[in-house]
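Content type compact mmCIF, C-alpha atoms, from the file input.txt:
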```txt
# COMPACT_ATOMS: atom_id res chain seq x y z
CA GLY D 1 -2.16 -24.53 -12.34
CA ALA D 2 0.89 -22.90 -10.84
CA GLY D 3 0.59 -21.54 -7.35
CA VAL D 4 2.38 -18.65 -5.71
CA SER D 5 6.13 -19.01 -5.89
CA GLN D 6 8.79 -17.23 -3.88
CA SER D 7 12.54 -17.00 -4.22
CA PRO D 8 14.93 -17.57 -2.72
CA ARG D 9 13.54 -20.13 -0.30
CA TYR D 10 16.37 -19.49 2.13
CA LYS D 11 18.59 -16.48 2.55
CA VAL D 12 21.43 -15.94 4.96
CA ALA D 13 22.58 -12.34 5.21
CA LYS D 14 25.22 -10.58 7.22
CA ARG D 15 23.97 -7.73 9.33
CA GLY D 16 23.96 -4.56 7.27
CA GLN D 17 23.53 -6.34 3.95
CA ASP D 18 20.64 -5.52 1.61
CA VAL D 19 18.33 -8.35 0.50
CA ALA D 20 15.59 -8.70 -2.12
CA LEU D 21 12.82 -11.26 -1.88
CA ARG D 22 10.72 -12.13 -4.92
CA CYS D 23 7.10 -13.21 -5.20
CA ASP D 24 5.37 -14.55 -8.30
CA PRO D 25 1.61 -14.52 -7.67
CA ILE D 26 -1.01 -16.61 -9.36
CA SER D 27 -1.68 -15.24 -12.81
CA GLY D 28 -4.63 -12.88 -12.87
CA HIS D 29 -4.68 -12.25 -9.14
CA VAL D 30 -5.22 -8.57 -8.49
CA SER D 31 -4.34 -8.51 -4.81
CA LEU D 32 -0.92 -9.30 -3.40
CA PHE D 33 0.06 -9.33 0.25
CA TRP D 34 3.32 -9.65 2.15
CA TYR D 35 3.42 -11.04 5.67
CA GLN D 36 6.20 -11.61 8.18
CA GLN D 37 6.09 -14.73 10.34
CA ALA D 38 8.33 -14.95 13.36
CA LEU D 39 9.13 -18.35 14.82
CA GLY D 40 6.12 -19.81 16.62
CA GLN D 41 3.86 -16.90 15.70
CA GLY D 42 1.11 -16.20 13.25
CA PRO D 43 1.84 -14.17 10.12
CA GLU D 44 1.82 -10.41 10.57
CA PHE D 45 0.75 -8.10 7.75
CA LEU D 46 3.42 -6.00 6.08
CA THR D 47 1.95 -4.49 2.92
CA TYR D 48 -0.75 -4.85 0.26
CA PHE D 49 -0.96 -4.20 -3.46
CA GLN D 50 -3.94 -3.97 -5.74
CA ASN D 51 -2.45 -4.39 -9.17
CA GLU D 52 0.59 -2.08 -9.17
CA ALA D 53 -0.76 0.27 -6.52
CA GLN D 54 0.51 -0.12 -2.97
CA LEU D 55 -2.63 0.62 -0.99
CA ASP D 56 -1.43 -0.18 2.49
CA LYS D 57 2.09 -0.31 3.86
CA SER D 58 1.19 0.24 7.47
CA GLY D 59 2.77 -3.03 8.58
CA LEU D 60 6.29 -2.33 7.32
CA PRO D 61 8.43 -2.25 10.47
CA SER D 62 10.74 0.57 9.39
CA ASP D 63 11.83 2.64 6.43
CA ARG D 64 14.44 -0.04 5.73
CA PHE D 65 11.60 -2.13 4.27
CA PHE D 66 10.41 -1.36 0.78
CA ALA D 67 8.07 -3.26 -1.56
CA GLU D 68 7.14 -2.81 -5.17
CA ARG D 69 4.98 -4.39 -7.85
CA PRO D 70 5.71 -2.24 -10.90
CA GLU D 71 3.72 -4.14 -13.52
CA GLY D 72 1.00 -5.52 -11.31
CA SER D 73 2.33 -9.05 -11.25
CA VAL D 74 5.71 -9.94 -9.72
CA SER D 75 6.51 -8.22 -6.45
CA THR D 76 9.77 -7.63 -4.64
CA LEU D 77 10.25 -6.98 -0.95
CA LYS D 78 13.54 -5.26 -0.25
CA ILE D 79 15.16 -4.92 3.14
CA GLN D 80 18.05 -2.51 3.45
CA ARG D 81 20.78 -2.73 6.07
CA THR D 82 19.39 -5.92 7.55
CA GLN D 83 19.28 -6.34 11.31
CA GLN D 84 19.08 -9.51 13.37
CA GLU D 85 15.48 -8.76 14.29
CA ASP D 86 14.59 -9.03 10.60
CA SER D 87 15.17 -12.79 10.79
CA ALA D 88 11.81 -14.40 10.00
CA VAL D 89 9.86 -16.15 7.29
CA TYR D 90 8.46 -13.75 4.70
CA LEU D 91 5.24 -14.94 3.14
CA CYS D 92 3.61 -13.70 -0.02
CA ALA D 93 -0.05 -14.31 -0.81
CA SER D 94 -2.28 -13.42 -3.74
CA SER D 95 -6.02 -13.35 -4.25
CA LEU D 96 -8.64 -12.38 -6.79
CA GLY D 97 -9.74 -9.53 -4.56
CA ALA D 98 -10.49 -8.32 -1.07
CA GLN D 99 -12.26 -10.85 1.18
CA GLU D 100 -11.32 -13.65 -1.23
CA THR D 101 -9.20 -16.64 -0.36
CA GLN D 102 -5.51 -15.82 -0.18
CA TYR D 103 -3.11 -18.35 -1.65
CA PHE D 104 0.25 -18.43 0.00
CA GLY D 105 3.68 -19.14 -1.33
CA PRO D 106 6.14 -21.38 0.53
CA GLY D 107 7.88 -18.38 2.06
CA THR D 108 11.44 -17.13 2.20
CA ARG D 109 13.28 -17.92 5.41
CA LEU D 110 15.66 -15.05 6.16
CA LEU D 111 18.42 -15.42 8.70
CA VAL D 112 20.48 -12.37 9.55
CA LEU D 113 23.76 -13.07 11.29
CA GLY J 1 -9.69 -3.05 15.61
CA ASP J 2 -10.31 -6.48 14.21
CA SER J 3 -8.71 -9.34 16.08
CA VAL J 4 -8.65 -13.10 16.36
CA THR J 5 -8.03 -15.17 19.47
CA GLN J 6 -7.42 -18.87 19.28
CA MET J 7 -6.58 -21.44 21.90
CA GLU J 8 -2.94 -22.00 22.70
CA GLY J 9 -1.15 -25.19 21.92
CA PRO J 10 0.34 -27.57 21.68
CA VAL J 11 -2.61 -29.90 21.61
CA THR J 12 -1.53 -33.52 21.81
CA LEU J 13 -4.00 -36.22 20.80
CA SER J 14 -4.04 -39.89 20.04
CA GLU J 15 -5.06 -41.05 16.58
CA GLU J 16 -8.85 -41.22 16.12
CA ALA J 17 -9.49 -38.74 18.94
CA PHE J 18 -11.83 -35.75 18.58
CA LEU J 19 -10.21 -32.40 17.94
CA THR J 20 -11.55 -28.93 18.75
CA ILE J 21 -9.61 -25.72 18.32
CA ASN J 22 -11.40 -22.64 19.61
CA CYS J 23 -11.36 -19.39 17.69
CA THR J 24 -13.17 -16.18 18.58
CA TYR J 25 -13.06 -12.91 16.71
CA THR J 26 -13.78 -9.22 17.01
CA ALA J 27 -14.75 -7.44 13.82
CA THR J 28 -16.79 -4.61 12.43
CA GLY J 29 -19.28 -5.96 9.97
CA TYR J 30 -19.47 -9.57 8.96
CA PRO J 31 -16.27 -10.66 7.29
CA SER J 32 -15.53 -14.07 5.85
CA LEU J 33 -13.69 -16.36 8.24
CA PHE J 34 -10.90 -18.76 7.39
CA TRP J 35 -8.88 -21.63 8.77
CA TYR J 36 -5.42 -22.19 7.34
CA VAL J 37 -3.09 -25.09 8.06
CA GLN J 38 0.70 -25.10 7.98
CA TYR J 39 2.42 -28.45 7.73
CA PRO J 40 6.06 -28.67 8.86
CA GLY J 41 8.36 -26.83 6.48
CA GLU J 42 5.53 -25.66 4.23
CA GLY J 43 3.55 -22.51 3.57
CA LEU J 44 -0.01 -21.87 4.67
CA GLN J 45 -2.77 -23.77 2.92
CA LEU J 46 -6.43 -22.94 3.01
CA LEU J 47 -8.29 -25.55 5.02
CA LEU J 48 -11.81 -24.13 4.94
CA LYS J 49 -13.77 -20.93 5.00
CA ALA J 50 -17.22 -19.53 5.68
CA THR J 51 -18.55 -16.35 4.13
CA LYS J 52 -21.58 -15.52 6.27
CA ALA J 53 -23.25 -16.24 9.58
CA ASP J 54 -24.40 -19.83 10.11
CA ASP J 55 -22.34 -21.05 7.16
CA LYS J 56 -20.41 -24.23 7.77
CA GLY J 57 -17.08 -24.69 6.06
CA SER J 58 -15.75 -28.21 5.64
CA ASN J 59 -12.77 -29.96 4.11
CA LYS J 60 -10.75 -33.14 4.75
CA GLY J 61 -13.06 -34.10 7.63
CA PHE J 62 -12.65 -30.73 9.34
CA GLU J 63 -15.63 -28.47 9.98
CA ALA J 64 -16.20 -24.98 11.36
CA THR J 65 -19.43 -23.01 11.74
CA TYR J 66 -19.59 -19.22 11.59
CA ARG J 67 -21.42 -18.26 14.80
CA LYS J 68 -22.37 -14.59 14.86
CA GLU J 69 -24.02 -14.83 18.29
CA THR J 70 -20.88 -16.07 19.98
CA THR J 71 -18.42 -14.50 17.49
CA SER J 72 -16.78 -17.86 17.11
CA PHE J 73 -15.46 -20.12 14.36
CA HIS J 74 -14.28 -23.23 16.17
CA LEU J 75 -12.53 -25.94 14.17
CA GLU J 76 -13.50 -29.57 14.73
CA LYS J 77 -12.60 -33.00 13.43
CA GLY J 78 -14.19 -36.18 14.63
CA SER J 79 -11.27 -38.57 14.17
CA VAL J 80 -7.77 -37.20 13.70
CA GLN J 81 -4.92 -38.92 11.92
CA VAL J 82 -1.16 -38.63 12.37
CA SER J 83 -1.10 -36.72 9.08
CA ASP J 84 -3.21 -33.96 10.69
CA SER J 85 -0.22 -32.94 12.80
CA ALA J 86 0.36 -29.31 11.86
CA VAL J 87 -0.18 -25.73 13.02
CA TYR J 88 -3.68 -24.35 12.49
CA PHE J 89 -4.43 -20.64 12.08
CA CYS J 90 -7.77 -18.88 12.34
CA ALA J 91 -7.94 -15.71 10.20
CA LEU J 92 -10.25 -12.89 9.26
CA PRO J 93 -9.79 -10.22 6.59
CA ASP J 94 -10.46 -6.54 6.95
CA SER J 95 -12.25 -4.58 4.24
CA TRP J 96 -9.05 -4.42 2.17
CA GLY J 97 -8.51 -8.15 2.52
CA LYS J 98 -5.61 -7.80 4.94
CA PHE J 99 -5.69 -10.92 7.09
CA GLN J 100 -5.53 -10.85 10.86
CA PHE J 101 -4.24 -14.24 12.01
CA GLY J 102 -4.46 -15.91 15.35
CA ALA J 103 -1.22 -17.00 17.00
CA GLY J 104 -1.66 -20.54 15.73
CA THR J 105 -2.38 -23.82 17.49
CA GLN J 106 0.06 -26.67 17.10
CA VAL J 107 -1.60 -30.07 16.94
CA VAL J 108 0.39 -33.24 17.53
CA VAL J 109 -1.30 -36.55 16.79
CA THR J 110 0.39 -39.69 18.07
CA PRO J 111 -0.19 -43.22 16.75
```

As a first step, turn the structure in this file into structure tokens.
Amino acid sequence: GAGVSQSPRYKVAKRGQDVALRCDPISGHVSLFWYQQALGQGPEFLTYFQNEAQLDKSGLPSDRFFAERPEGSVSTLKIQRTQQEDSAVYLCASSLGAQETQYFGPGTRLLVL
Amino acid sequence: GDSVTQMEGPVTLSEEAFLTINCTYTATGYPSLFWYVQYPGEGLQLLLKATKADDKGSNKGFEATYRKETTSFHLEKGSVQVSDSAVYFCALPDSWGKFQFGAGTQVVVTP
């Protein structure tokens, strides 16, 4: 079956520009996670949804970062007024529930110039 | 809080050599433990997992045993191939399922 998909795969933004990153989880997966992966590092948690409810957003680096999952399926991570330090790979993962295996998308590589 | 520590890389091996990547964890309770692999240019893929103490996860010739006594989940493979070249991440979830990842260990296998 289809896995987790993310779009765009690559995004180049000028500093100050707003960007929106999309995640399509595996159908039926209740839990959805966003992670940020800097070059040469492990993924760092950003935020978590259970269905449409955002239960944890403690990892969002600043109020420029915003995520939503309005119908409990597709999720969008929005970054306003991008900064160079936002350059990273943004990974989305979905799972059937807490403690279950998370299935990752290919990621969106964001480069802010 | 929960944390994962894994050995630093890169680890460079010849084909057919034995591979060990150490992973230790700190956690409240007894979470499941995971190893993920990231091939060049790709996303993370589940390699194996273990859900309770003394469980052994295995896949593609890789194995890891959940050791509660030593709080470890070391990854091993008896005979590596060039295609095993990748970055390996140890991970544990908190009660919400939020994963804490290790920093990753790059493995380079040469012919």

Show me which bits of chain D are within 8 Å of chain J, counting all atoms listed in the file, as a PDB file with C-alpha atoms, keeping the file's coordinate frame.
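result-v4.pdb, written as the output of this step:
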```pdb
ATOM      1  CA  PHE D  33       0.060  -9.330   0.250  1.00  0.00           C
ATOM      2  CA  GLY D  40       6.120 -19.810  16.620  1.00  0.00           C
ATOM      3  CA  GLN D  41       3.860 -16.900  15.700  1.00  0.00           C
ATOM      4  CA  GLY D  42       1.110 -16.200  13.250  1.00  0.00           C
ATOM      5  CA  PRO D  43       1.840 -14.170  10.120  1.00  0.00           C
ATOM      6  CA  GLU D  44       1.820 -10.410  10.570  1.00  0.00           C
ATOM      7  CA  PHE D  45       0.750  -8.100   7.750  1.00  0.00           C
ATOM      8  CA  TYR D  48      -0.750  -4.850   0.260  1.00  0.00           C
ATOM      9  CA  LEU D  91       5.240 -14.940   3.140  1.00  0.00           C
ATOM     10  CA  GLY D  97      -9.740  -9.530  -4.560  1.00  0.00           C
ATOM     11  CA  ALA D  98     -10.490  -8.320  -1.070  1.00  0.00           C
ATOM     12  CA  GLN D  99     -12.260 -10.850   1.180  1.00  0.00           C
ATOM     13  CA  GLU D 100     -11.320 -13.650  -1.230  1.00  0.00           C
ATOM     14  CA  THR D 101      -9.200 -16.640  -0.360  1.00  0.00           C
ATOM     15  CA  GLN D 102      -5.510 -15.820  -0.180  1.00  0.00           C
ATOM     16  CA  TYR D 103      -3.110 -18.350  -1.650  1.00  0.00           C
ATOM     17  CA  PHE D 104       0.250 -18.430   0.000  1.00  0.00           C
ATOM     18  CA  GLY D 105       3.680 -19.140  -1.330  1.00  0.00           C
ATOM     19  CA  PRO D 106       6.140 -21.380   0.530  1.00  0.00           C
ATOM     20  CA  GLY D 107       7.880 -18.380   2.060  1.00  0.00           C
TER      21      GLY D 107
END
```

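Atom CA of D:Gly59 is found 20.0 Å from atom CA of D:Val112.
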
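Here atom CA of D:Gln36 and atom CA of D:Asp24 stand 16.8 Å from one another.
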
Near D:His29, within 10 Å and counting only C-alpha atoms, which residues show up once chain neighbours fewer than 5 positions away are dropped, as a compact mmCIF listing (two decimals) with C-alpha atoms, keeping the file's coordinate frame?
```txt
# COMPACT_ATOMS: atom_id res chain seq x y z
CA GLN D 50 -3.94 -3.97 -5.74
CA ASN D 51 -2.45 -4.39 -9.17
CA GLY D 72 1.00 -5.52 -11.31
CA SER D 73 2.33 -9.05 -11.25
CA ALA D 93 -0.05 -14.31 -0.81
CA SER D 94 -2.28 -13.42 -3.74
CA SER D 95 -6.02 -13.35 -4.25
CA LEU D 96 -8.64 -12.38 -6.79
CA GLY D 97 -9.74 -9.53 -4.56
CA GLN D 102 -5.51 -15.82 -0.18
CA TYR D 103 -3.11 -18.35 -1.65
```

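Reported to one decimal place, the separation of atom CA of D:Gln54 from atom CA of D:Ser31 is 9.9 Å.
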
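For the set D:Ser7, D:Ser62, D:Thr108, D:Gln37, the residue with the smallest atom-to-atom gap to D:Val74 is D:Ser7, counting all atoms listed in the file.
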
Around stretch 39-58 of chain D, with edges along x, y and z and 5 Å added on all six sides, what centre and edge lengths do you get, in Å to one decimal, as AutoDock Vina command-line options?
```
--center_x 2.6 --center_y -9.6 --center_z 3.7 --size_x 23.1 --size_y 30.4 --size_z 35.8
```

As a CSV table (one decimal) with C-alpha atoms, keeping the file's coordinate frame, please: the residues near J:Tyr30 (cut-off 8 Å, all atoms listed in the file, same-chain neighbours under 3 positions excluded).
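Final output, result.csv:
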```
chain,number,residue,atom,x,y,z
J,27,ALA,CA,-14.8,-7.4,13.8
J,52,LYS,CA,-21.6,-15.5,6.3
J,53,ALA,CA,-23.2,-16.2,9.6
```

Could you give me, as a PDB file with C-alpha atoms, keeping the file's coordinate frame, the residues that have an atom at most 8 Å away from the point (9.4, -0.7, 1.0) in the coordinates of the file, using all atoms listed in the file?
```
ATOM      1  CA  LYS D  57       2.090  -0.310   3.860  1.00  0.00           C
ATOM      2  CA  LEU D  60       6.290  -2.330   7.320  1.00  0.00           C
ATOM      3  CA  ASP D  63      11.830   2.640   6.430  1.00  0.00           C
ATOM      4  CA  ARG D  64      14.440  -0.040   5.730  1.00  0.00           C
ATOM      5  CA  PHE D  65      11.600  -2.130   4.270  1.00  0.00           C
ATOM      6  CA  PHE D  66      10.410  -1.360   0.780  1.00  0.00           C
ATOM      7  CA  ALA D  67       8.070  -3.260  -1.560  1.00  0.00           C
ATOM      8  CA  GLU D  68       7.140  -2.810  -5.170  1.00  0.00           C
ATOM      9  CA  LEU D  77      10.250  -6.980  -0.950  1.00  0.00           C
ATOM     10  CA  LYS D  78      13.540  -5.260  -0.250  1.00  0.00           C
ATOM     11  CA  ILE D  79      15.160  -4.920   3.140  1.00  0.00           C
TER      12      ILE D  79
END
```

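Those residues positioned at most 7 Å from (-7.7, -40.1, 11.9) are Glu15, Glu16, Ser79, Val80, Gln81 and Val82 of chain J, judged using all atoms listed in the file.
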
Could the residues in this selection be saved with C-alpha atoms as a tab-separated table (two decimals), in the frame of the given file?
```
chain	number	residue	atom	x	y	z
J	15	GLU	CA	-5.06	-41.05	16.58
J	16	GLU	CA	-8.85	-41.22	16.12
J	79	SER	CA	-11.27	-38.57	14.17
J	80	VAL	CA	-7.77	-37.20	13.70
J	81	GLN	CA	-4.92	-38.92	11.92
J	82	VAL	CA	-1.16	-38.63	12.37
```

- What's the 8 Å shell around J:Ser85, counting all atoms listed in the file, without same-chain residues fewer than 6 positions away, as a PyMOL selection string? chain J and resi 39+106-109

_Could you list, as a ChimeraX atom specification, every residue within 12 Å of J:Ser58, counting only C-alpha atoms and ignoring same-chain residues fewer than 6 positions away?_
/J:34-35,46-50,64-66,73-77

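Across J:Phe62, J:Thr5, J:Asp55, J:Thr71, the tightest approach to J:Gly29 is made by J:Thr71 when counting all atoms listed in the file.
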
* Can you list, as a ChimeraX atom specification, every protein, DNA or RNA residue that comes within 6 Å of D:Trp34 when you count all atoms listed in the file, leaving out same-chain residues fewer than 4 positions away? -> /D:46-47,91-92
